[in-house]
Structure formats: structure tokens, C-alpha cells
Amino acid sequence: MALNTVVLEELSLLEEVRPLLARLGVEEMSANAAGSVSQSSAAELEVRTPITGQVIARLRETSESEAQEAIETAYRAFLVWRNVPPPRRGELVRALGEELRAGAADLGRLVTLETGKILSEGLGEVQEMIDICGFAASLSRQLEGRTIASERADHRMMETWHPLGVVGVISAFNFPVAVWSWNAALALVCGDAVVWKPSEKAPLTALAVQALFLRAAAKVGGVPEGLCSVLLGGARLGELLVDSPRIALLSATGSTAMGRAVGPRLARRFARALLELGGNNAAIVCPSADLDLTLRAVAFAALGTAGQRCTTLRRLIVHESVYEDLISRLQQVYRSVAVGDPRAAGTLVGPLIDERSFAAMQAALQEARSAGAEITGGERIEVEAVGGEAAFYVRPALVEVAAQLPVVKRETFAPILYVLKYRELEEAIALHNDVSQGLSSSIFTLNMREAERFLSASGSDCGIANVNIGTSGAEIGGAFGGEKETGGGRESGSDAWKQYMRRATNTINYGTRLPLAQGVSFEIEPAEGGATNDSPNPE
Ligand code: UN1
């Protein structure tokens, strides 16, 4: 199968990257595609690894006309794919899952090289992809509609779910491939085509996934060309997806600022929007909390992925009775946690993605410091053997604040954990909800009343609310997403698939009369031998 629009023009990779790409099929895919791309574009995308800051690859950017062509091809593919029975569509997703399983070690490592997350988290990301493929493949036999009681005699009312169209996916650097899979696996079994614009900071992993998809498609057979494609480049390509009348649903993951730009433009053309925007996730630690467990959960949620998950724990609201104990233990963790090469065994915190991210972290810490915050950590550190001028390793920062300052209410995409003290649970919940984002939340308690209060209508206002586990690391089986400025979208499990389909309400009259709903009478002069609404059924 020919690749739609992606071609690698030049690879000047580190020793380590080339064999990974080769095994994952990227070079082979590129070679196959070389002849099929007619227009060449001068624009080049430089890929850097945050591990050293070095350039590891140069890719040719997708031109705008190639992107338009990819969207048109995807639309043509959709017209075919929508008529393929869902369980057969599920076979493709199952095959993709198998390719991911076979390539997990290589793809996981590539995620680490491109994003700087530790190997276990790189692999975890691929596992999320495998899991959603399994979920979607089973879903392909369970796409179901309701039958609804009709108020009219001899009538049946039901819902039918149909494929929607071409789904656009814009993903962020921090989960460069899993977020695509949450969308694509569902979209594909729902009968849609997918056009993906990955983060320009993580195009290699996207290419690798595209190569695995093409392998799966070749094995399964009968997959229309261009059903899934990748556009490599910057914001302009994202805008193209946003404005294209062919894109029926756009799923976009990124900052709230990005969502503010994208949302209204989609609304202008009445397109569906699935927005996964900023989070400012908090956990409340109650007097009865199991502090050993809490410490571990907080460490993973706040330090994992170097604080660069949308679900990262950013605010810790601790009861005064356990404050000293927990915070002193956390300070120890923050002082000693292994920061370094994410490929090395034992490292828990890898580098920040780039200098901008480092600068944003320093600016936030400076703002907190000027407002009187007590800060543990936060400084840049040299990591021998890997780091250079262009690599940004930091000691994570634990920041004690007396009040929820403006800086605490903003999302800074870096390992900063703000800590606040509370007395009454009501006050803690009020603090918890007093931010504009609403993604994920947790409470640590052994008290059933506190836990249930937190999960109740007057508790956490987030899309995800947990008890005795952290804010991050959600399983794929649940619907993933959040409220308020987080954007309201839901991806992944539960009934999130419904967004990728259109619903038709069908009412079928199997009688000989024509009763109208709501008892409306609308009599026309009966034609010779004709019946009226109310005429008795001849049988
Ligand atoms: C993200 O950071 O964009 O719940 C997604 C989690 C992961 C997904 C995070 N399963 O932390």
C-alpha cells in the first residue's frame, strides 16, 4: 500500500534511532512513498531529543496541498470504509494491536528518545495503545443502539449509529502516540477515516505508528488507501484540519489557549470538537489517609513524566494534622529523586521537553517566590554523559503556599507541586474546585463519608475523581477528559465511541393507519377509497 503524504527526505540519526526506525518499518515506508509524492516542499522539520538536545532527524514537512490531498483521500477512503461491517473493521484494529505488541519495545524506546519520558513510561504509553486496540476490537461487535417505546400503535422507534466521516486528530508531545490511538482505534471501528497532525516535537513516533498501521492494513487486506494518514509540520497544518469542511470531528489535545483558538473556529462551521485541554489537578489528603500509600501516589502523580502529563498532580491540599509529617517526607523525596537520563535504570525523572518549558517553570517559581512561597528544588541540574547546553534537566519543585495564588491557578507544564494546608473538608473542596480547569482529582482518606462527599455532586468538579490513587495514570476503559477549561471532551473507553458516529432516530410504522404523535389531527379529504388517520384498521 502506498503511503499518503509522508516522506522522510533525509535521516541523520543518532546510532540509536536508526535501527529502531528500521525495525518499526519507517525507512521502508519512506522508500515506498518516495515516488508517490509529487509536490516537494522546502520546509524541514528538525527533530531533537530532549535527552541531549541534539537533532536526531530532519523530516520533510507536509505541504498544504499534500495535506489537502490527504484529507480528500481520507474522505474517499471513508466512503468505502463506512460500508465495511464493523467486526471486519475491528479486524484491522486487532491487527494494529498485534503490530504494536510486536514493536512495543522499539516504539516504547522511541517514545523515550523523542519525549524524554523514562523507559517504563514509554512502554506504558505503548501498552495504552495495545489496550485501546483490544477495547475497540471488541467494541466492533458491540456498537449498539436503543429501541425506544413509541407512543403510537404499530410503530417501532430505534436509534441507529452510522459512521461519521473523517476524524482529525491533533496530538501533543507528551503522549505522542497513545492519544492518537484512543481516537483512531475507536474511529476506525466506527467506520471513520483519520488524519493525524502529531506534535512537531514528536513526529518520529508518529511515523513509526503509521508504519505499523500500514503493516497491519497490508496483513488484513481490503483497507482503502489513505484511511489513516499523518501530516508532519506546524500549526498551519492543524489550522487546515480545523477549517476543512471534510473534517467532521476534530479531536485536539493541548493547552487551553490552543482550545480557545480551535473551538470557535470549529463551531463556526458546526463541526464536532473533542477538546482535551489544560489540567490543574489536585489531591486532598485527609487526617485518616494512609500516608505511606499517599506518598507513593503523590510521587508518581507529581513527578512522573517530569510533570508533563495533562493529569499531573499540581496541587496538594493537606489537612493540618498530617501536614508536617507528609511534607517533610515529600521534601526528602524531592531532594533525592533520581533525575537524569530517562534510558538509565533507576531514573524516575527525565528532562523537560525544551528550553521554553524550562523558562516557563522558572518564571512560575519566581512568581511564587515573590509571593512568599517556600520552595524545595526547582533548579537546573547538569546530567553528566548526556546533558549539554540544549538539554534541560531540573530538580522537581515542591512549593508551599499560604493561599491559592494566581500562579497556582495556572497550569505550568513542569514538575511543580504546590502545597496548601486546610482545616475543614468543605474548605478543601472549595479550594480544590476554585480553578478554571477540571480534568483530574483525588482524595486520600480511609473515611467513607469524606470519600463519598468528594465523589458526590457537591464534591470534585472534575471529569476524573479518584479515591486513594493519584490523578494520573488512568486506565483506557473509562472515559477520559475533563470539565470547564479542560474542554469537555471524552476519549478512550466507556461510551466515548458515540462521538465518532452519527445518530439517526428511526420510526417505523408497520400498521395501516397513520396516527400522529402528540395526538395531532390532520385530516385531508379522503381520496376515493382512501383511509383517514382514524379509520379503523381494515383487518
Ligand atoms: C495526557 O497527559 O495527555 O491518565 C494523557 C494518564 C494517561 C494519559 C495522559 N493515561 O495520565
# chains A, B, ... in the order shown; residues from 1 in each chain; ligands from 1
call {"tool": "residues_around", "arguments": {"residues": "Ile508 in chain A", "least_positions_apart": "3", "cutoff": "9 Å", "atoms": "only C-alpha atoms", "output": "list in words"}}
result
Asp154, His155, Arg156, Met157 and Met158 of chain A
call {"tool": "write_last_selection", "arguments": {"atoms": "N, CA and C atoms", "output": "mmCIF file, in the first residue's frame"}}
result
data_model
loop_
_atom_site.group_PDB
_atom_site.id
_atom_site.type_symbol
_atom_site.label_atom_id
_atom_site.label_comp_id
_atom_site.auth_asym_id
_atom_site.auth_seq_id
_atom_site.Cartn_x
_atom_site.Cartn_y
_atom_site.Cartn_z
ATOM 1 N N ASP A 154 -48.525 0.090 16.590
ATOM 2 C CA ASP A 154 -47.897 -0.492 15.407
ATOM 3 C C ASP A 154 -46.712 0.338 14.893
ATOM 4 N N HIS A 155 -45.992 0.935 15.826
ATOM 5 C CA HIS A 155 -44.803 1.715 15.451
ATOM 6 C C HIS A 155 -43.612 1.202 16.260
ATOM 7 N N ARG A 156 -42.468 1.286 15.668
ATOM 8 C CA ARG A 156 -41.237 0.981 16.409
ATOM 9 C C ARG A 156 -40.298 2.167 16.242
ATOM 10 N N MET A 157 -39.648 2.525 17.336
ATOM 11 C CA MET A 157 -38.701 3.641 17.283
ATOM 12 C C MET A 157 -37.336 3.098 17.723
ATOM 13 N N MET A 158 -36.313 3.500 17.031
ATOM 14 C CA MET A 158 -34.977 2.995 17.401
ATOM 15 C C MET A 158 -33.894 3.986 17.005
#
call {"tool": "residues_near_ligand", "arguments": {"ligand": "ligand 1", "cutoff": "7 Å", "atoms": "only C-alpha atoms and all ligand atoms", "output": "ChimeraX atom specification"}}
result
/A:174-175,179,253,308-312,472-476
call {"tool": "closest_residue", "arguments": {"among": "A:Pro50, A:Pro264, A:Gly493, A:Pro396", "to": "Glu128 in chain A", "atoms": "only C-alpha atoms"}}
result
A:Gly493
call {"tool": "residues_around", "arguments": {"residues": "range 426-441 of chain A", "least_positions_apart": "3", "cutoff": "7 Å", "atoms": "only C-alpha atoms", "output": "list in words"}}
result
Gly278, Gly279, Asn280, Asn281, Ala282, Ala283, Ile284, Thr311, Ile317, Lys409, Tyr422, Gly459, Ser460, Asp461, Cys462, Gly463, Ile464, Ala465, Asn466, Thr471, Gly481, Gly482, Glu483, Lys484, Glu485 and Thr486 of chain A
call {"tool": "select_by_dssp", "arguments": {"residues": "range 291-472 of chain A", "states": "helix (DSSP H, G or I)", "output": "number ranges by chain"}}
result
A: 291-307, 320-336, 355-370, 406-409, 425-433, 448-455
call {"tool": "select_by_dssp", "arguments": {"residues": "range 261-399 of chain A", "states": "strand (DSSP E)", "output": "ChimeraX atom specification"}}
result
/A:272-276,281-285,313-319,374-376,380-381,393-394,397-399
call {"tool": "atom_distance", "arguments": {"atom1": "CA of Val84 in chain A", "atom2": "CA of Lys197 in chain A"}}
result
25.6 Å
call {"tool": "residues_around", "arguments": {"residues": "Arg502 in chain A", "least_positions_apart": "4", "cutoff": "8 Å", "atoms": "only C-alpha atoms", "output": "VMD selection string"}}
result
chain A and resid 161 to 164 498
call {"tool": "write_last_selection", "arguments": {"atoms": "N, CA and C atoms", "output": "mmCIF file, in the first residue's frame"}}
result
data_model
loop_
_atom_site.group_PDB
_atom_site.id
_atom_site.type_symbol
_atom_site.label_atom_id
_atom_site.label_comp_id
_atom_site.auth_asym_id
_atom_site.auth_seq_id
_atom_site.Cartn_x
_atom_site.Cartn_y
_atom_site.Cartn_z
ATOM 1 N N TRP A 161 -26.665 3.923 14.710
ATOM 2 C CA TRP A 161 -25.408 4.684 14.720
ATOM 3 C C TRP A 161 -24.665 4.424 13.426
ATOM 4 N N HIS A 162 -24.336 5.516 12.748
ATOM 5 C CA HIS A 162 -23.642 5.417 11.468
ATOM 6 C C HIS A 162 -22.259 6.053 11.565
ATOM 7 N N PRO A 163 -21.344 5.610 10.687
ATOM 8 C CA PRO A 163 -20.035 6.264 10.642
ATOM 9 C C PRO A 163 -20.192 7.764 10.389
ATOM 10 N N LEU A 164 -19.251 8.533 10.917
ATOM 11 C CA LEU A 164 -19.381 9.995 10.902
ATOM 12 C C LEU A 164 -18.704 10.652 9.705
ATOM 13 N N LYS A 498 -19.369 7.010 20.877
ATOM 14 C CA LYS A 498 -20.545 7.634 20.259
ATOM 15 C C LYS A 498 -20.206 8.940 19.540
#
call {"tool": "closest_residue", "arguments": {"among": "A:Ser494, A:Thr505, A:Thr112, A:Ser288", "to": "Val349 in chain A", "atoms": "only C-alpha atoms"}}
result
A:Thr112
call {"tool": "closest_residue", "arguments": {"among": "A:Ala218, A:Leu232, A:Leu316, A:Ala248", "to": "Met501 in chain A", "atoms": "only C-alpha atoms"}}
result
A:Ala248
call {"tool": "residues_around", "arguments": {"residues": "Leu227 in chain A", "least_positions_apart": "5", "cutoff": "6 Å", "atoms": "only C-alpha atoms", "output": "PyMOL selection string"}}
result
chain A and resi 74+77+193
call {"tool": "residues_around", "arguments": {"residues": "range 354-365 of chain A", "least_positions_apart": "6", "cutoff": "9 Å", "atoms": "only C-alpha atoms", "output": "tab-separated table (two decimals) with C-alpha atoms, in the first residue's frame"}}
result
chain	number	residue	atom	x	y	z
A	50	PRO	CA	15.37	16.31	24.92
A	53	GLY	CA	19.12	18.45	22.97
A	373	ALA	CA	6.31	30.65	48.84
A	375	ILE	CA	10.42	26.20	47.59
A	378	GLY	CA	13.37	23.71	41.05
A	379	GLU	CA	16.95	24.31	39.94
A	380	ARG	CA	18.53	23.20	36.68
A	390	ALA	CA	20.46	22.24	24.97
A	391	ALA	CA	19.17	19.65	27.46
A	392	PHE	CA	17.02	20.79	30.36
A	393	TYR	CA	17.08	18.67	33.48
A	394	VAL	CA	15.59	20.12	36.64
A	397	ALA	CA	9.93	21.72	42.85
A	399	VAL	CA	6.24	24.76	46.68
A	407	VAL	CA	0.36	31.22	39.72
A	408	VAL	CA	-1.17	28.20	41.46
A	412	THR	CA	2.60	25.30	34.26
A	413	PHE	CA	3.59	22.19	32.30
A	414	ALA	CA	6.55	21.26	34.50
A	415	PRO	CA	7.26	19.36	37.74
A	416	ILE	CA	5.95	21.90	40.24
call {"tool": "residues_around", "arguments": {"residues": "Gly254 in chain A", "least_positions_apart": "3", "cutoff": "8 Å", "atoms": "only C-alpha atoms", "output": "list in words"}}
result
Ser171, Ala172, Met258, Gly259, Glu276, Leu277 and Gly278 of chain A
call {"tool": "write_last_selection", "arguments": {"atoms": "all heavy atoms", "output": "compact mmCIF listing (two decimals), in the first residue's frame"}}
result
# COMPACT_ATOMS: atom_id res chain seq x y z
N SER A 171 -2.38 15.99 18.20
CA SER A 171 -1.89 15.47 19.48
C SER A 171 -0.70 16.26 19.98
O SER A 171 -0.03 16.96 19.21
CB SER A 171 -1.56 13.97 19.36
OG SER A 171 -0.61 13.77 18.36
N ALA A 172 -0.43 16.13 21.26
CA ALA A 172 0.63 16.89 21.91
C ALA A 172 1.89 16.03 22.07
O ALA A 172 1.84 14.82 21.87
CB ALA A 172 0.14 17.37 23.28
N MET A 258 -4.75 26.90 23.04
CA MET A 258 -4.99 26.25 21.75
C MET A 258 -6.49 25.99 21.58
O MET A 258 -7.07 26.27 20.53
CB MET A 258 -4.18 24.95 21.70
CG MET A 258 -4.27 24.17 20.40
SD MET A 258 -5.65 23.04 20.35
CE MET A 258 -5.05 21.69 21.32
N GLY A 259 -7.13 25.50 22.63
CA GLY A 259 -8.56 25.20 22.57
C GLY A 259 -9.40 26.44 22.30
O GLY A 259 -10.39 26.39 21.57
N GLU A 276 -9.27 18.28 24.59
CA GLU A 276 -8.58 17.80 25.80
C GLU A 276 -7.53 18.85 26.13
O GLU A 276 -6.42 18.81 25.60
CB GLU A 276 -7.89 16.46 25.54
CG GLU A 276 -8.82 15.33 25.17
CD GLU A 276 -9.59 14.75 26.35
OE1 GLU A 276 -9.37 15.20 27.49
OE2 GLU A 276 -10.41 13.86 26.11
N LEU A 277 -7.89 19.80 26.99
CA LEU A 277 -7.02 20.96 27.21
C LEU A 277 -6.37 20.91 28.60
O LEU A 277 -6.24 19.83 29.17
CB LEU A 277 -7.84 22.23 26.98
CG LEU A 277 -8.67 22.21 25.68
CD1 LEU A 277 -9.54 23.44 25.56
CD2 LEU A 277 -7.77 22.05 24.45
N GLY A 278 -6.01 22.06 29.10
CA GLY A 278 -5.22 22.11 30.33
C GLY A 278 -5.87 21.46 31.55
O GLY A 278 -7.09 21.37 31.66
call {"tool": "closest_residue", "arguments": {"among": "A:Pro198, A:Leu188, A:Asp292, A:Val169", "to": "Ala252 in chain A", "atoms": "only C-alpha atoms"}}
result
A:Val169
call {"tool": "atom_distance", "arguments": {"atom1": "CA of Ala338 in chain A", "atom2": "CA of Leu110 in chain A"}}
result
21.2 Å
